[in-house]
$ cat model.txt   # compact mmCIF, C-alpha atoms and all ligand atoms
# COMPACT_ATOMS: atom_id res chain seq x y z
CA MET P 1 -3.88 58.43 -16.20
CA ASP P 2 -1.04 57.63 -13.87
CA PRO P 3 1.30 60.65 -14.24
CA ARG P 4 4.35 58.45 -13.62
CA ILE P 5 3.70 56.39 -16.72
CA ARG P 6 4.93 58.00 -19.90
CA PRO P 7 5.68 56.79 -23.39
CA LEU P 8 9.05 55.14 -23.29
CA PRO P 9 11.83 55.87 -25.73
CA ALA P 10 12.68 52.85 -27.80
CA ARG P 11 16.10 51.28 -27.33
CA HIS P 12 16.26 52.60 -23.76
CA ALA P 13 18.10 49.54 -22.62
CA ARG P 14 20.53 49.12 -25.46
CA ARG P 15 23.85 50.79 -25.73
CA GLU P 16 23.86 53.95 -27.81
CA GLU P 17 26.71 55.95 -29.21
CA GLY P 18 28.29 58.04 -26.48
CA ASP P 19 27.30 55.70 -23.65
CA PRO P 20 30.24 54.98 -21.37
CA ARG P 21 31.77 51.56 -21.96
CA PRO P 22 30.96 49.28 -19.05
CA ARG P 23 34.09 48.24 -17.19
CA ARG P 24 32.81 44.99 -15.79
CA LEU P 25 30.30 42.38 -16.89
CA ARG P 26 28.11 43.31 -13.95
CA ALA P 27 27.98 46.85 -15.30
CA LEU P 28 27.03 45.46 -18.70
CA ASP P 29 24.27 43.46 -17.07
CA ARG P 30 22.99 46.55 -15.27
CA ARG P 31 22.89 48.43 -18.55
CA LEU P 32 20.97 45.66 -20.25
CA HIS P 33 18.69 45.60 -17.27
CA ALA P 34 18.16 49.34 -17.15
CA ARG P 35 14.43 49.64 -16.77
CA PRO P 36 12.23 52.66 -17.07
CA ALA P 37 10.36 54.00 -14.07
CA ALA P 38 7.10 53.04 -15.76
CA LEU P 39 7.81 49.46 -14.81
CA ARG P 40 8.42 50.17 -11.15
CA PRO P 41 5.62 52.32 -9.77
CA GLY P 42 4.55 49.53 -7.40
CA LEU P 43 7.83 49.59 -5.57
CA ARG P 44 7.82 53.34 -5.14
CA ALA P 45 4.16 53.41 -4.18
CA GLY P 46 4.98 51.22 -1.21
CA ARG P 47 3.39 48.00 -2.36
CA ALA P 48 6.63 46.30 -1.43
CA LEU P 49 8.36 47.03 1.84
CA SER P 50 12.08 46.50 2.25
CA LEU P 51 13.06 44.33 5.21
CA ARG P 52 16.68 44.45 6.37
CA GLY P 53 17.68 45.90 3.03
CA ALA P 54 17.39 42.70 1.04
CA ARG P 55 14.19 40.81 1.79
CA LEU P 56 10.91 42.14 0.56
CA LEU P 57 7.63 41.64 2.36
CA ILE P 58 5.08 41.70 -0.40
CA ASP P 59 1.44 42.23 0.27
CA LEU P 60 -0.19 39.98 -2.31
CA PRO P 61 -3.93 39.77 -2.88
CA ARG P 62 -5.39 36.44 -1.75
CA THR P 63 -7.45 35.99 -4.93
CA ALA P 64 -7.25 37.00 -8.57
CA SER P 65 -9.23 35.99 -11.65
CA THR P 66 -6.01 35.27 -13.51
CA VAL P 67 -2.57 34.68 -12.09
CA ILE P 68 0.30 34.87 -14.56
CA VAL P 69 3.54 33.30 -13.36
CA GLY P 70 6.62 34.83 -15.01
CA GLY P 71 7.34 38.40 -16.07
CA GLY P 72 9.16 37.84 -19.36
CA ILE P 73 7.82 39.06 -22.68
CA VAL P 74 5.25 36.25 -22.78
CA GLY P 75 3.80 36.85 -19.31
CA VAL P 76 3.75 40.63 -19.65
CA ALA P 77 2.20 40.44 -23.13
CA ALA P 78 -0.48 38.12 -21.74
CA ALA P 79 -1.24 40.68 -19.00
CA PHE P 80 -1.50 43.37 -21.66
CA PHE P 81 -3.86 41.41 -23.91
CA LEU P 82 -6.08 40.43 -20.97
CA GLY P 83 -6.29 44.13 -20.08
CA GLU P 84 -7.24 44.96 -23.67
CA ARG P 85 -10.10 42.49 -23.36
CA GLY P 86 -11.35 44.21 -20.25
CA GLU P 87 -10.05 41.83 -17.61
CA THR P 88 -8.79 43.89 -14.69
CA ASP P 89 -8.27 41.29 -11.97
CA VAL P 90 -4.91 40.08 -13.25
CA LEU P 91 -1.94 39.37 -11.00
CA LEU P 92 1.48 38.74 -12.53
CA LEU P 93 4.15 37.27 -10.26
CA GLU P 94 7.81 37.53 -11.24
CA ARG P 95 10.42 36.03 -8.94
CA ASP P 96 13.16 38.41 -10.08
CA ARG P 97 12.70 41.57 -12.10
CA LEU P 98 10.50 41.95 -15.16
CA GLY P 99 12.43 40.84 -18.22
CA ALA P 100 15.23 39.29 -16.15
CA GLY P 101 14.91 35.84 -17.74
CA THR P 102 15.58 35.00 -21.38
CA THR P 103 13.89 38.18 -22.57
CA LYS P 104 16.78 40.40 -21.56
CA GLY P 105 19.12 38.40 -23.79
CA GLY P 106 16.93 38.17 -26.88
CA LEU P 107 17.94 39.70 -30.17
CA GLY P 108 14.42 40.81 -31.03
CA GLY P 109 14.32 39.27 -34.49
CA ILE P 110 10.77 39.14 -35.90
CA ARG P 111 10.42 36.97 -38.96
CA HIS P 112 7.98 35.12 -41.17
CA GLN P 113 10.57 32.73 -42.52
CA PHE P 114 9.62 29.61 -40.61
CA VAL P 115 8.82 26.18 -41.99
CA ASP P 116 5.66 25.57 -39.96
CA GLU P 117 2.43 27.16 -41.21
CA LEU P 118 1.23 28.06 -37.73
CA ASP P 119 4.48 29.91 -36.99
CA VAL P 120 4.17 31.86 -40.24
CA ARG P 121 0.56 32.79 -39.52
CA LEU P 122 1.46 33.87 -35.98
CA SER P 123 4.18 36.10 -37.42
CA GLN P 124 1.70 37.67 -39.84
CA LEU P 125 -0.56 38.58 -36.92
CA ALA P 126 2.42 39.71 -34.85
CA THR P 127 3.72 41.99 -37.60
CA THR P 128 0.43 43.86 -37.62
CA PHE P 129 0.66 44.20 -33.86
CA TRP P 130 4.26 45.50 -33.88
CA ARG P 131 3.31 48.10 -36.47
CA GLU P 132 0.46 49.31 -34.25
CA PHE P 133 2.42 49.03 -31.01
CA GLU P 134 2.54 52.73 -30.18
CA GLU P 135 -1.16 53.22 -30.84
CA ARG P 136 -2.14 50.20 -28.77
CA THR P 137 0.19 50.63 -25.80
CA GLY P 138 0.95 54.36 -25.75
CA SER P 139 4.67 53.57 -25.69
CA ARG P 140 7.31 53.77 -28.37
CA HIS P 141 8.91 50.73 -29.85
CA ASP P 142 10.84 50.78 -33.09
CA PHE P 143 10.03 47.79 -35.25
CA ALA P 144 12.78 48.04 -37.84
CA GLU P 145 11.42 46.28 -40.92
CA ARG P 146 14.79 45.84 -42.56
CA GLY P 147 14.25 42.29 -43.69
CA TYR P 148 15.85 39.00 -42.81
CA LEU P 149 18.35 37.43 -45.17
CA PHE P 150 19.35 33.78 -44.91
CA VAL P 151 22.40 32.80 -46.92
CA ALA P 152 23.71 29.36 -47.82
CA GLU P 153 27.10 28.08 -48.87
CA THR P 154 26.07 24.68 -50.16
CA GLU P 155 23.50 23.19 -52.52
CA GLU P 156 22.02 21.38 -49.54
CA GLY P 157 21.58 24.70 -47.75
CA MET P 158 19.96 26.20 -50.85
CA ALA P 159 17.54 23.26 -51.04
CA GLN P 160 16.58 23.92 -47.41
CA LEU P 161 15.98 27.56 -48.23
CA ARG P 162 13.77 26.67 -51.20
CA GLY P 163 11.78 24.11 -49.17
CA PRO P 164 9.05 26.37 -47.73
CA LEU P 165 8.67 28.71 -50.75
CA ALA P 166 5.32 27.17 -51.75
CA LEU P 167 4.04 27.76 -48.21
CA TYR P 168 5.09 31.42 -48.29
CA GLU P 169 3.43 31.91 -51.65
CA ARG P 170 0.18 30.34 -50.43
CA LEU P 171 0.16 32.56 -47.32
CA GLY P 172 1.10 35.71 -49.25
CA VAL P 173 4.47 36.28 -47.58
CA PRO P 174 6.80 38.17 -49.94
CA VAL P 175 9.92 35.99 -49.91
CA GLU P 176 12.45 35.94 -52.76
CA MET P 177 15.43 33.76 -53.54
CA VAL P 178 18.44 36.01 -54.11
CA ASP P 179 21.75 35.63 -55.92
CA ARG P 180 25.14 37.01 -54.92
CA ILE P 181 24.61 40.29 -56.74
CA ARG P 182 21.38 40.96 -54.85
CA ILE P 183 23.03 39.92 -51.58
CA ARG P 184 25.76 42.51 -52.18
CA GLU P 185 23.07 45.13 -52.75
CA LEU P 186 21.29 44.18 -49.54
CA VAL P 187 24.47 43.99 -47.45
CA PRO P 188 27.11 46.21 -49.02
CA GLY P 189 30.61 44.99 -48.31
CA MET P 190 29.62 41.46 -47.39
CA ARG P 191 31.87 38.73 -48.73
CA VAL P 192 29.79 36.65 -51.14
CA ASP P 193 32.29 34.61 -53.18
CA ASP P 194 31.78 31.57 -50.93
CA LEU P 195 27.97 31.78 -51.06
CA ARG P 196 25.54 29.94 -53.32
CA GLY P 197 22.70 32.36 -52.71
CA GLY P 198 20.07 33.24 -50.17
CA ARG P 199 16.45 33.89 -49.26
CA PHE P 200 15.13 37.30 -48.29
CA CYS P 201 11.88 38.58 -46.80
CA GLU P 202 11.48 42.34 -46.67
CA ARG P 203 8.70 42.17 -44.09
CA ASP P 204 10.94 40.66 -41.45
CA GLY P 205 12.94 42.79 -39.07
CA TYR P 206 13.69 43.31 -35.44
CA GLY P 207 12.57 45.15 -32.36
CA ASP P 208 13.84 45.69 -28.84
CA PRO P 209 12.55 43.04 -26.41
CA LEU P 210 13.02 45.19 -23.30
CA ALA P 211 11.42 48.27 -24.88
CA ALA P 212 8.49 46.11 -25.94
CA LEU P 213 8.23 44.61 -22.47
CA ALA P 214 8.29 48.07 -20.89
CA GLY P 215 5.50 49.33 -23.15
CA LEU P 216 3.34 46.25 -22.65
CA GLY P 217 3.93 46.31 -18.89
CA ALA P 218 3.06 49.98 -18.53
CA ALA P 219 -0.14 49.54 -20.56
CA ALA P 220 -1.11 46.41 -18.60
CA ARG P 221 -0.72 48.36 -15.35
CA LEU P 222 -2.88 51.16 -16.68
CA ALA P 223 -5.54 48.58 -17.51
CA GLY P 224 -5.52 47.42 -13.89
CA ALA P 225 -3.11 44.47 -13.79
CA HIS P 226 -0.81 44.06 -10.78
CA LEU P 227 2.73 43.23 -11.85
CA VAL P 228 4.70 42.14 -8.80
CA GLU P 229 8.46 41.61 -8.80
CA GLY P 230 10.41 39.54 -6.30
CA ALA P 231 7.53 37.10 -5.82
CA ALA P 232 8.50 33.54 -6.70
CA VAL P 233 5.80 30.95 -7.13
CA THR P 234 6.96 27.84 -5.31
CA ALA P 235 4.12 25.54 -6.35
CA LEU P 236 0.92 25.34 -8.33
CA LEU P 237 -2.08 24.46 -6.17
CA ARG P 238 -4.14 21.64 -7.61
CA GLU P 239 -7.51 20.23 -6.64
CA GLY P 240 -8.48 17.16 -8.63
CA ASP P 241 -8.08 18.04 -12.30
CA ARG P 242 -7.92 21.79 -11.78
CA VAL P 243 -5.17 24.18 -10.86
CA ILE P 244 -6.79 26.48 -8.33
CA GLY P 245 -4.01 28.90 -7.50
CA VAL P 246 -0.37 29.33 -6.63
CA ARG P 247 1.82 29.15 -3.53
CA THR P 248 4.39 31.84 -2.79
CA ALA P 249 6.57 32.71 0.18
CA HIS P 250 4.13 35.55 0.78
CA GLY P 251 1.07 33.31 0.95
CA ASP P 252 -1.26 31.43 -1.38
CA VAL P 253 -3.26 33.15 -4.11
CA ARG P 254 -6.40 31.40 -5.34
CA SER P 255 -7.35 31.94 -8.91
CA GLU P 256 -9.76 30.81 -11.63
CA ARG P 257 -6.93 30.62 -14.14
CA VAL P 258 -3.19 30.25 -13.82
CA LEU P 259 -1.04 31.01 -16.83
CA VAL P 260 2.45 29.59 -16.54
CA ALA P 261 4.80 31.83 -18.53
CA THR P 262 8.06 30.77 -16.96
CA GLY P 263 9.95 29.87 -20.14
CA CYS P 264 12.87 27.55 -19.41
CA TRP P 265 11.68 26.99 -15.85
CA THR P 266 8.22 25.73 -16.80
CA ALA P 267 8.82 22.00 -16.41
CA ALA P 268 9.94 22.29 -12.78
CA LEU P 269 7.02 24.50 -11.79
CA CYS P 270 4.41 22.37 -13.55
CA ALA P 271 5.85 19.27 -11.89
CA THR P 272 4.61 20.67 -8.56
CA ALA P 273 1.07 20.03 -9.86
CA ALA P 274 2.11 16.66 -11.33
CA VAL P 275 1.87 18.05 -14.86
CA SER P 276 4.66 17.03 -17.18
CA VAL P 277 5.64 19.70 -19.71
CA PRO P 278 8.48 18.71 -22.04
CA ILE P 279 10.39 21.99 -22.21
CA TRP P 280 14.09 22.31 -21.59
CA ALA P 281 16.69 25.03 -21.93
CA TYR P 282 18.72 25.36 -25.11
CA ARG P 283 21.79 27.56 -24.83
CA ARG P 284 22.31 30.42 -27.27
CA SER P 285 25.00 33.08 -27.36
CA ILE P 286 25.06 36.62 -28.61
CA MET P 287 27.92 39.01 -29.16
CA GLU P 288 27.39 42.72 -28.80
CA SER P 289 29.56 45.26 -30.60
CA GLY P 290 29.73 49.00 -30.39
CA PRO P 291 27.62 50.92 -32.93
CA LEU P 292 28.73 50.28 -36.51
CA PRO P 293 27.03 53.01 -38.58
CA ALA P 294 27.71 51.22 -41.88
CA LEU P 295 25.64 48.28 -40.69
CA MET P 296 22.70 50.18 -39.18
CA LYS P 297 20.41 49.69 -42.17
CA ILE P 298 21.18 46.19 -43.33
CA PRO P 299 18.81 43.24 -42.87
CA LEU P 300 19.40 40.64 -40.20
CA VAL P 301 21.64 38.01 -41.80
CA GLY P 302 21.61 34.34 -40.90
CA ARG P 303 23.47 31.40 -42.37
CA LYS P 304 21.39 28.38 -43.11
CA ASP P 305 24.04 25.71 -43.38
CA ARG P 306 26.77 27.02 -41.09
CA PRO P 307 25.79 29.15 -38.10
CA LEU P 308 28.23 31.66 -36.69
CA ARG P 309 30.47 29.70 -34.38
CA GLN P 310 32.94 30.59 -31.73
CA PRO P 311 36.13 28.54 -32.16
CA PRO P 312 36.49 25.99 -29.37
CA THR P 313 38.50 27.27 -26.45
CA PRO P 314 40.35 25.15 -23.90
CA PRO P 315 38.33 24.64 -20.70
CA ARG P 316 38.99 27.18 -18.00
CA SER P 317 37.15 28.43 -15.00
CA ARG P 318 34.01 30.49 -15.48
CA ARG P 319 35.66 33.42 -13.75
CA SER P 320 38.66 33.52 -16.04
CA ARG P 321 36.43 33.13 -19.11
CA CYS P 322 34.50 36.20 -18.03
CA ARG P 323 37.68 38.17 -17.45
CA ARG P 324 38.99 37.19 -20.85
CA ARG P 325 35.81 38.29 -22.58
CA SER P 326 35.57 41.59 -20.78
CA SER P 327 39.18 42.47 -21.46
CA ARG P 328 38.72 42.23 -25.24
CA GLY P 329 37.91 45.19 -27.50
CA SER P 330 34.42 46.47 -28.08
CA ALA P 331 32.69 43.16 -28.81
CA ARG P 332 31.16 41.43 -25.83
CA GLY P 333 29.47 38.10 -25.47
CA ARG P 334 26.30 37.25 -23.60
CA ARG P 335 24.68 33.94 -23.07
CA GLY P 336 21.15 32.97 -22.45
CA ALA P 337 18.89 30.01 -22.71
CA ILE P 338 15.73 29.68 -24.72
CA PRO P 339 12.95 27.22 -24.07
CA ARG P 340 12.73 24.27 -26.48
CA SER P 341 10.14 21.60 -26.76
CA PRO P 342 10.02 18.40 -28.80
CA ILE P 343 6.43 19.18 -29.78
CA CYS P 344 7.63 21.39 -32.59
CA GLY P 345 10.70 23.28 -33.66
CA SER P 346 10.29 26.84 -32.54
CA SER P 347 7.14 27.48 -30.58
CA THR P 348 5.65 25.32 -27.88
CA ARG P 349 2.21 23.87 -28.24
CA GLY P 350 0.34 20.60 -27.98
CA PRO P 351 -0.89 18.32 -25.24
CA VAL P 352 0.84 17.78 -21.92
CA THR P 353 0.43 14.81 -19.65
CA THR P 354 -0.79 14.81 -16.09
CA ARG P 355 -0.04 12.21 -13.50
C1 LIG P 401 20.84 34.99 -27.46
C2 LIG P 401 19.36 34.92 -27.72
C3 LIG P 401 18.84 35.44 -28.90
C4 LIG P 401 17.46 35.36 -29.14
N1 LIG P 401 16.97 35.92 -30.29
C5 LIG P 401 15.64 35.90 -30.53
C6 LIG P 401 15.09 36.51 -31.69
O1 LIG P 401 15.80 37.08 -32.50
N2 LIG P 401 13.74 36.47 -31.87
C7 LIG P 401 12.91 35.85 -30.97
O2 LIG P 401 11.68 35.85 -31.18
N3 LIG P 401 13.40 35.25 -29.87
C8 LIG P 401 14.74 35.27 -29.63
N4 LIG P 401 15.24 34.67 -28.51
C9 LIG P 401 14.32 33.95 -27.66
C10 LIG P 401 13.48 34.90 -26.81
O3 LIG P 401 14.33 35.83 -26.15
C11 LIG P 401 12.68 34.06 -25.80
O4 LIG P 401 11.93 33.09 -26.49
C12 LIG P 401 11.72 34.90 -25.00
O5 LIG P 401 12.38 35.99 -24.37
C13 LIG P 401 11.08 34.02 -23.94
O6 LIG P 401 10.23 34.82 -23.17
P1 LIG P 401 9.45 34.18 -21.96
O7 LIG P 401 8.62 35.26 -21.38
O8 LIG P 401 8.80 32.92 -22.40
O9 LIG P 401 10.60 33.69 -20.97
P2 LIG P 401 11.54 34.52 -19.98
O10 LIG P 401 11.94 35.84 -20.52
O11 LIG P 401 12.63 33.60 -19.57
O12 LIG P 401 10.56 34.80 -18.77
C14 LIG P 401 10.24 33.82 -17.82
C15 LIG P 401 10.21 34.53 -16.49
O13 LIG P 401 9.67 33.65 -15.51
C16 LIG P 401 10.31 33.93 -14.29
N5 LIG P 401 10.12 32.76 -13.42
C17 LIG P 401 10.62 31.52 -13.58
N6 LIG P 401 10.19 30.71 -12.61
C18 LIG P 401 9.39 31.47 -11.81
C19 LIG P 401 8.65 31.19 -10.62
N7 LIG P 401 8.64 29.97 -10.06
N8 LIG P 401 7.93 32.20 -10.05
C20 LIG P 401 7.92 33.45 -10.62
N9 LIG P 401 8.62 33.75 -11.73
C21 LIG P 401 9.34 32.77 -12.32
C22 LIG P 401 11.76 34.16 -14.68
O14 LIG P 401 12.46 34.89 -13.69
C23 LIG P 401 11.60 34.93 -15.99
O15 LIG P 401 11.63 36.34 -15.81
C24 LIG P 401 16.60 34.74 -28.22
C25 LIG P 401 17.13 34.24 -27.02
C26 LIG P 401 18.49 34.33 -26.77
C27 LIG P 401 19.02 33.79 -25.47
$ encode --input "model.txt" --output "structure tokens"
Amino acid sequence: MDPRIRPLPARHARREEGDPRPRRLRALDRRLHARPAALRPGLRAGRALSLRGARLLIDLPRTASTVIVGGGIVGVAAAFFLGERGETDVLLLERDRLGAGTTKGGLGGIRHQFVDELDVRLSQLATTFWREFEERTGSRHDFAERGYLFVAETEEGMAQLRGPLALYERLGVPVEMVDRIRIRELVPGMRVDDLRGGRFCERDGYGDPLAALAGLGAAARLAGAHLVEGAAVTALLREGDRVIGVRTAHGDVRSERVLVATGCWTAALCATAAVSVPIWAYRRSIMESGPLPALMKIPLVGRKDRPLRQPPTPPRSRRSRCRRRSSRGSARGRRGAIPRSPICGSSTRGPVTTR
């Protein structure tokens, strides 16, 4: 076993009580990006050589059975699962740092409460995996099964919440409709007088995307995968109807399979092989507070008919917006984009067209 790779403490990248408050947004970004050494052995082992401080000359293999493009949670998880199945000739290429895309901004919510049967079934499988994470990867990751509570203010919202109940019952997902009294029990102190009710699933919860990525990445490396950072794929190589490899600034890599796991950036990359993938970015925001002990054990709460909104602010330059945010108290905002596709609501699947 590689002595540099150790089980990773969960929540390594999140702010904990006692951490110094970051002074600038860049410091906040560094904290969110803090990555354990287990994800960086390649750099220290000399696989990448620094040129004039900034540019990296990366010695890539010329062939691989599977090339994965993108080192977010999807790409790294794919490398892990291929390793579990005994495939060792896996090369993952990430243009930035592992987890630097949407994954670093994710909330980590894991829920069954979807409206599409396939999504619910995927979550059932995923829940089993998250429970066994430590055993399967050798790394720690806290899957906090505290439940997910959706609340509604209107009858219309309540009707939406009731909509998929028959589906949950058929699939054996324990979901209950809850009244205000139960909501107060679940989230002590929450204002409920303006609510009609809610829907709660105790099996839902949340994890830490970067801790999960670190554990999956370390295990994938142990299984033989090469995870390379700073290696952007500039084009997919296509011969007739097949993608036969990828082009990078460090040379071409030929491969039997190419898995594109580039999230929001998928459409542009696939276009280089004349494949049209209808995915675009959808902006989401998140606000981070300091630790609030009274709220540490409550479920994740979402509003069905009126999402949390930031009041509109007059337009100003990006720079001054950042300053304004960072000069406020302990709550800080972050923005990120998630991939969306018209094929279905939440996950991306279905046919794509080639030209
Ligand atoms: C505020 C917010 C809250 C969220 N909350 C949740 C939640 O509660 N639950 C949940 O399940 N999801 C949530 N999400 C969504 C979730 O974070 C994303 O769906 C997930 O991280 C996407 O992972 P990915 O690996 O597909 O993409 P990414 O993490 O974006 O990874 C793609 C990677 O590909 C790399 N890349 C792109 N182009 C190239 C190229 N040409 N060559 C090499 N590398 C390339 C990028 O640098 C990037 O690292 C949230 C997202 C946001 C923004």
$ closest_atom_pairs --input "model.txt" --of "chain P" --to "ligand LIG 401 (chain P)" --cutoff "7 Å" --atoms "all atoms listed in the file" --output "JSON lines"
{"residue": "P:Val69", "atom": "CA", "partner": "P:LIG401", "partner_atom": "C20", "distance": 5.2}
{"residue": "P:Gly70", "atom": "CA", "partner": "P:LIG401", "partner_atom": "O13", "distance": 3.3}
{"residue": "P:Gly71", "atom": "CA", "partner": "P:LIG401", "partner_atom": "O15", "distance": 4.8}
{"residue": "P:Gly72", "atom": "CA", "partner": "P:LIG401", "partner_atom": "O7", "distance": 3.3}
{"residue": "P:Ile73", "atom": "CA", "partner": "P:LIG401", "partner_atom": "O7", "distance": 4.1}
{"residue": "P:Val74", "atom": "CA", "partner": "P:LIG401", "partner_atom": "O7", "distance": 3.8}
{"residue": "P:Gly75", "atom": "CA", "partner": "P:LIG401", "partner_atom": "O7", "distance": 5.5}
{"residue": "P:Leu93", "atom": "CA", "partner": "P:LIG401", "partner_atom": "C20", "distance": 5.4}
{"residue": "P:Glu94", "atom": "CA", "partner": "P:LIG401", "partner_atom": "N9", "distance": 3.9}
{"residue": "P:Arg95", "atom": "CA", "partner": "P:LIG401", "partner_atom": "C20", "distance": 4.0}
{"residue": "P:Asp96", "atom": "CA", "partner": "P:LIG401", "partner_atom": "O14", "distance": 5.1}
{"residue": "P:Arg97", "atom": "CA", "partner": "P:LIG401", "partner_atom": "O15", "distance": 6.5}
{"residue": "P:Leu98", "atom": "CA", "partner": "P:LIG401", "partner_atom": "O15", "distance": 5.8}
{"residue": "P:Gly99", "atom": "CA", "partner": "P:LIG401", "partner_atom": "O15", "distance": 5.2}
{"residue": "P:Ala100", "atom": "CA", "partner": "P:LIG401", "partner_atom": "O15", "distance": 4.7}
{"residue": "P:Gly101", "atom": "CA", "partner": "P:LIG401", "partner_atom": "O11", "distance": 3.7}
{"residue": "P:Thr102", "atom": "CA", "partner": "P:LIG401", "partner_atom": "O11", "distance": 3.7}
{"residue": "P:Thr103", "atom": "CA", "partner": "P:LIG401", "partner_atom": "O5", "distance": 3.2}
{"residue": "P:Lys104", "atom": "CA", "partner": "P:LIG401", "partner_atom": "O10", "distance": 6.7}
{"residue": "P:Gly105", "atom": "CA", "partner": "P:LIG401", "partner_atom": "C27", "distance": 4.9}
{"residue": "P:Gly106", "atom": "CA", "partner": "P:LIG401", "partner_atom": "O3", "distance": 3.6}
{"residue": "P:Leu107", "atom": "CA", "partner": "P:LIG401", "partner_atom": "N1", "distance": 3.9}
{"residue": "P:Gly108", "atom": "CA", "partner": "P:LIG401", "partner_atom": "O1", "distance": 4.2}
{"residue": "P:Gly109", "atom": "CA", "partner": "P:LIG401", "partner_atom": "O1", "distance": 3.3}
{"residue": "P:Ile110", "atom": "CA", "partner": "P:LIG401", "partner_atom": "N2", "distance": 5.7}
{"residue": "P:Ala231", "atom": "CA", "partner": "P:LIG401", "partner_atom": "C20", "distance": 6.0}
{"residue": "P:Ala232", "atom": "CA", "partner": "P:LIG401", "partner_atom": "N8", "distance": 3.7}
{"residue": "P:Val233", "atom": "CA", "partner": "P:LIG401", "partner_atom": "N8", "distance": 3.8}
{"residue": "P:Thr234", "atom": "CA", "partner": "P:LIG401", "partner_atom": "N7", "distance": 5.5}
{"residue": "P:Ala261", "atom": "CA", "partner": "P:LIG401", "partner_atom": "O8", "distance": 5.7}
{"residue": "P:Thr262", "atom": "CA", "partner": "P:LIG401", "partner_atom": "O13", "distance": 3.6}
{"residue": "P:Gly263", "atom": "CA", "partner": "P:LIG401", "partner_atom": "O9", "distance": 4.0}
{"residue": "P:Cys264", "atom": "CA", "partner": "P:LIG401", "partner_atom": "O11", "distance": 6.1}
{"residue": "P:Trp265", "atom": "CA", "partner": "P:LIG401", "partner_atom": "N6", "distance": 5.2}
{"residue": "P:Thr266", "atom": "CA", "partner": "P:LIG401", "partner_atom": "N6", "distance": 6.8}
{"residue": "P:Leu269", "atom": "CA", "partner": "P:LIG401", "partner_atom": "N7", "distance": 6.0}
{"residue": "P:Arg283", "atom": "CA", "partner": "P:LIG401", "partner_atom": "C27", "distance": 6.8}
{"residue": "P:Arg284", "atom": "CA", "partner": "P:LIG401", "partner_atom": "C1", "distance": 4.8}
{"residue": "P:Ser285", "atom": "CA", "partner": "P:LIG401", "partner_atom": "C1", "distance": 4.6}
{"residue": "P:Ile286", "atom": "CA", "partner": "P:LIG401", "partner_atom": "C1", "distance": 4.7}
{"residue": "P:Arg335", "atom": "CA", "partner": "P:LIG401", "partner_atom": "C1", "distance": 5.9}
{"residue": "P:Gly336", "atom": "CA", "partner": "P:LIG401", "partner_atom": "C27", "distance": 3.8}
{"residue": "P:Ala337", "atom": "CA", "partner": "P:LIG401", "partner_atom": "C27", "distance": 4.7}
{"residue": "P:Ile338", "atom": "CA", "partner": "P:LIG401", "partner_atom": "C25", "distance": 5.3}
{"residue": "P:Pro339", "atom": "CA", "partner": "P:LIG401", "partner_atom": "O4", "distance": 6.4}
$ atom_distance --input "model.txt" --atom1 "atom CA of P:Gly217" --atom2 "atom CA of P:Val76"
5.7 Å
$ residues_around --input "model.txt" --residues "P:Glu145" --least-positions-apart "4" --cutoff "9 Å" --atoms "all atoms listed in the file" --output "JSON, numbers by chain"
{"P": [110, 202, 203, 204, 205, 206, 207, 299]}
$ residues_near_point --input "model.txt" --point "(-1.3, 23.1, -5.4)" --cutoff "9 Å" --atoms "all atoms listed in the file" --output "MDAnalysis selection string"
chainID P and resid 235:239 243:247 272:273
$ closest_residue --input "model.txt" --among "P:His141, P:Ala159, P:Val90, P:Val275" --to "P:Leu60" --atoms "all atoms listed in the file"
P:Val90
$ atom_distance --input "model.txt" --atom1 "atom CA of P:Leu186" --atom2 "atom CA of P:Arg131"
22.6 Å
$ closest_residue --input "model.txt" --among "P:Ala225, P:Leu210, P:Met158, P:Val175" --to "P:Gly198" --atoms "only C-alpha atoms"
P:Met158
$ atom_distance --input "model.txt" --atom1 "atom CA of P:Val301" --atom2 "atom CA of P:Thr137"
29.6 Å
$ residues_around --input "model.txt" --residues "P:Glu84" --least-positions-apart "4" --cutoff "10 Å" --atoms "all atoms listed in the file" --output "list in words"
Ala78, Ala79, Phe80, Thr88, Arg136, Thr137, Ala219, Ala220 and Ala223 of chain P
$ write_last_selection --input "model.txt" --atoms "C-alpha atoms" --output "tab-separated table (two decimals), in the frame of the given file"
chain	number	residue	atom	x	y	z
P	78	ALA	CA	-0.48	38.12	-21.74
P	79	ALA	CA	-1.24	40.68	-19.00
P	80	PHE	CA	-1.50	43.37	-21.66
P	88	THR	CA	-8.79	43.89	-14.69
P	136	ARG	CA	-2.14	50.20	-28.77
P	137	THR	CA	0.19	50.63	-25.80
P	219	ALA	CA	-0.14	49.54	-20.56
P	220	ALA	CA	-1.11	46.41	-18.60
P	223	ALA	CA	-5.54	48.58	-17.51
$ residues_near_point --input "model.txt" --point "(17.8, 33.2, -53.1)" --cutoff "12 Å" --atoms "all atoms listed in the file" --output "number ranges by chain"
P: 148-153, 155, 157-163, 165, 175-183, 195-201, 304
$ closest_residue --input "model.txt" --among "P:Ala249, P:Ile279, P:Leu213, P:Val67" --to "P:Gly230" --atoms "all atoms listed in the file"
P:Ala249
$ closest_residue --input "model.txt" --among "P:Pro188, P:Asp119, P:Lys297, P:Glu132" --to "P:Gly147" --atoms "only C-alpha atoms"
P:Lys297
$ closest_residue --input "model.txt" --among "P:Phe133, P:Leu122, P:Arg146, P:Asp305" --to "P:Val187" --atoms "all atoms listed in the file"
P:Arg146
$ decode --input "model.txt" --residues "stretch 291-297 of chain P" --atoms "C-alpha atoms" --output "tab-separated table (two decimals), in the first residue's frame"
chain	number	residue	atom	x	y	z
P	291	PRO	CA	-21.12	26.83	12.74
P	292	LEU	CA	-24.57	27.08	14.34
P	293	PRO	CA	-24.65	24.30	16.97
P	294	ALA	CA	-28.44	24.48	17.35
P	295	LEU	CA	-28.84	23.55	13.70
P	296	MET	CA	-26.25	20.76	13.51
P	297	LYS	CA	-28.79	17.94	13.79
